[in-house]
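Visitor: Sharing a structure with you now.
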Amino acid sequence: MAPKKPKELKYTELTADINLKKYKIRSSEDVEPCTNIISQERAIKAIKLGLKVKSRGYNIFVTGLTGTGRSTTIKKLLEDLETNTPELNDYCYVNNFKDPDQPIALVFKAGEGGAFKRSVELMISTLRKSVPKIFNSEDYKTRRNRIAADFEGRQKALLQDFEKKMNEAGFVMMQFQVGAGVRNELQPLVDGEPQSLDKLDRLVKEGKFQKDQLDDMVAKREKLRREMSIVEVESKKMLEKLDAALEELDSSQIAPLIKSKIQVLRKKFPGEKVGQYLDDVEKALISDLDRFKEARPRRGEEEAPAFRKKEPFEEFTVNLILDNSETKKVPVVVENAPAYRNIFGTLERVVDRFGYWRTDFSRINAGSLLQAAGGYLIINALDLFTEAGSWQALKRFLMSGEFSITGYDPFYMMAGSSLKPESIPIDVKVVLIGERRIYSILYSHEEDFKKIFKIKAEFDHVMELNEYHLKDYITFVKKITTDENLIPFDTGALEEVAGYGTRLAGHKNKLSTQFTNIADIIREAGFCAMDKKRKMVKREDVREAIDAKRERVSLIEDKIQEMYVENIYMVKTSGKAVGQINGLAVYSTGEHSFGKPSKITVRTSVGRAGVINIERESDLSGPVHNKGVLVLSGFLRGKFAKNKPLVMSASICFEQSYDGIDGDSASSTEIYGILSALANVPIDQGIAVTGSVNQYGEIQPFGGVNYKIEGFFDVCKAKKLTGKQGVIIPIQNVSDLQLKPEVVEAVKAGKFHIYPVTTIEQGIEILTGKPAGKELKKGGFTKGSIFDLVDKELDRLARQFKSSQEDEKKKDDDNNSADKPKRKKKK
């Protein structure tokens, strides 16, 4: 009995049914450019929730494939987010006069920080001009000279009194050079000439001077020394009083001016913390008025280089690290290089006059985190985790809500800084964009991650193929052509772009949302049309762009194709063979995927080994492929070993395969090969097979069906199409078909065939041209069917195995009998 004619797909079933004419769209000019986010309703809903909830921890992690519009969507939502005028702040760092290593942070409303900085600068500038004028005024000089003259007179009187006593005692003050200094010494006058006591002592010993006269001189000198010490002490006290009097004069002249200037700032910028800082400024200015007296280098000395000079008023500068005076919208900062210094800011270092690295509050710079204060910071997750220190610091900030700008220089050991700026509390919503695997790793292994990223927004890579989304595709085409000054697309070109979208989606009832790839095809098709001087992009232009894109990355595929043509890969596409069948596999080079056939062979024999997976025995089989082999063993046992043991050894091999193999899409192919080998019925080599199977013989779907069909078609075409070649696929994969036009045309012309199947029975009938057979109630299968032939062969193998076992046992028994010693008779 011949099998039923197999069901074959029509050419119209090989691609998505996209017809824009029924929507009365003639070209991309008939629509407006898209301004909204296409699809992604689930992700948008999650993002909006995360953006509007202000509680801590509601940061957002956006996942999805690259090119699905994650970054664009985030920016668009943030721009369109309805909010009142943002309440932003300005942030400043100022000197801590009590502890310069811990700069003080001042927070102002937006615009006030810059005003405070300018006001302080104006005050210092005014004082630097006004104070020297006071010092140079006649009134000040008169008062200063009067005070100096008074103290000078007292000091002169003191010295004159001592000189009088010295003269009366007959002594004079002599000065001697001692190294770089001068030493004063009291010496007596002898005959009108000063003499040292040491010299007079020698004269006494020589009898040339009276000893009692020398003793009197020594006593007078000691008395004068004591009085001279008192004079020196009094003189120093007078100098100290003079300095104090002059400082009091300076303070009385300058302090009121400084206090009045500070008071103006207090009124203009009220606030406890600002007030405390202004108090410190006032004290610092009044306590060191000499800074207003500009010191100039002495004659003959060179002026110090500018980079070594220390500005006398540098400690009064205001470091405005964030100025929001002109910010009208909520800040949205995209950090494309999330190094630690870019996110959290830096402490700049300079070389001081002694050659040492130093830094201070005026060299603190803000990073993108502070720039996003009151708004949103967007970071690529993979980039973040490749930068040392960035994730841990960001996590600490999100946990506490405060951060301080500290340097991070793990390899800059000699430039350490003890500077520890005051922490700043800020409110920032962080949005991380990354792949699903990064999110899964963090969620599973980072304990604090789920506390600080409570919102997950997943971007789908596909959407339903319907009228609404087709029109979205057309508006997207319009946007690209408008933005980049490309010529419009006609109906055929638009349908081809949508078809390319279904191809990327892997389902003819879906459209891809990887708009980066779609945009590339739109641009390239536009340039193809413009190169031909067209006024509108046509269907063939889009196909040319798709083919060109494939050609750029298909060198490896072409090289492998040559090996099929030259029969280096021994794959037959015509004729028949027992125990040989063409399976299909998908290869990937990263940017390009393609399918190619593999020759699978099966050899069966008597034995108890069951199904032998040669790939597994040679360590080339992956776990999923091993599972597929075990499943097909279950099918064989369930089908043919219900009333007898399955006594068989069947080896399966992927010929000329030298790399690892994984996946179970060849499990149905392997069953067909085993059935052919057991039934001794040849398989049509012009038909390739793909699809996994369960233990009940039901064919299951798989991925990459388009690549596999096109790969086998290319090999058949290269070896010449016979009109009988084709591919068997699971019926569930029919909805995934979006084949290239060349294959569709071949099917339309009857030169290539695609057979959808649901069971092993349907597949084996197509491959052998014989009925699979039905199981009979009395046992066995339909006479002459494939299953009947297999069942009989298994019976034969079982009998042969049993016979060989009995022969082996008999042989063993005979050998044991021959080896057994004979007993001797007793007398």
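Residues in the structure tokens are numbered from 1 in each chain, the chains being A, B, ... in the order shown, and ligands are numbered from 1 in the order shown.
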As number ranges by chain, please: all residues of range 210-313 of chain A that backbone DSSP puts in helix (DSSP H, G or I).

Guide: A: 211-268, 272-287, 289-292, 306-308

Visitor: Given only C-alpha atoms as the basis, pick out the residue of A:Leu65, A:Leu384, A:Val350, A:Ile74 nearest to Glu335 in chain A.

Guide: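 Selected residue with least distance to Glu335 in chain A: A:Leu384.
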
Visitor: What's around Arg436 in chain A at 12 Å? Count only C-alpha atoms, leave out sequence neighbours fewer than 6 positions away in its own chain, and write the answer as number ranges by chain.

Guide: A: 61-66, 381-382, 442-443, 456-460

Visitor: May I ask which of the residues A:Leu289, A:Cys528, A:Val757, A:Ala284 is the closest one to Arg128 in chain A, counting only C-alpha atoms?

Guide: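 Using only C-alpha atoms, the shortest distance to Arg128 in chain A belongs to A:Leu289.
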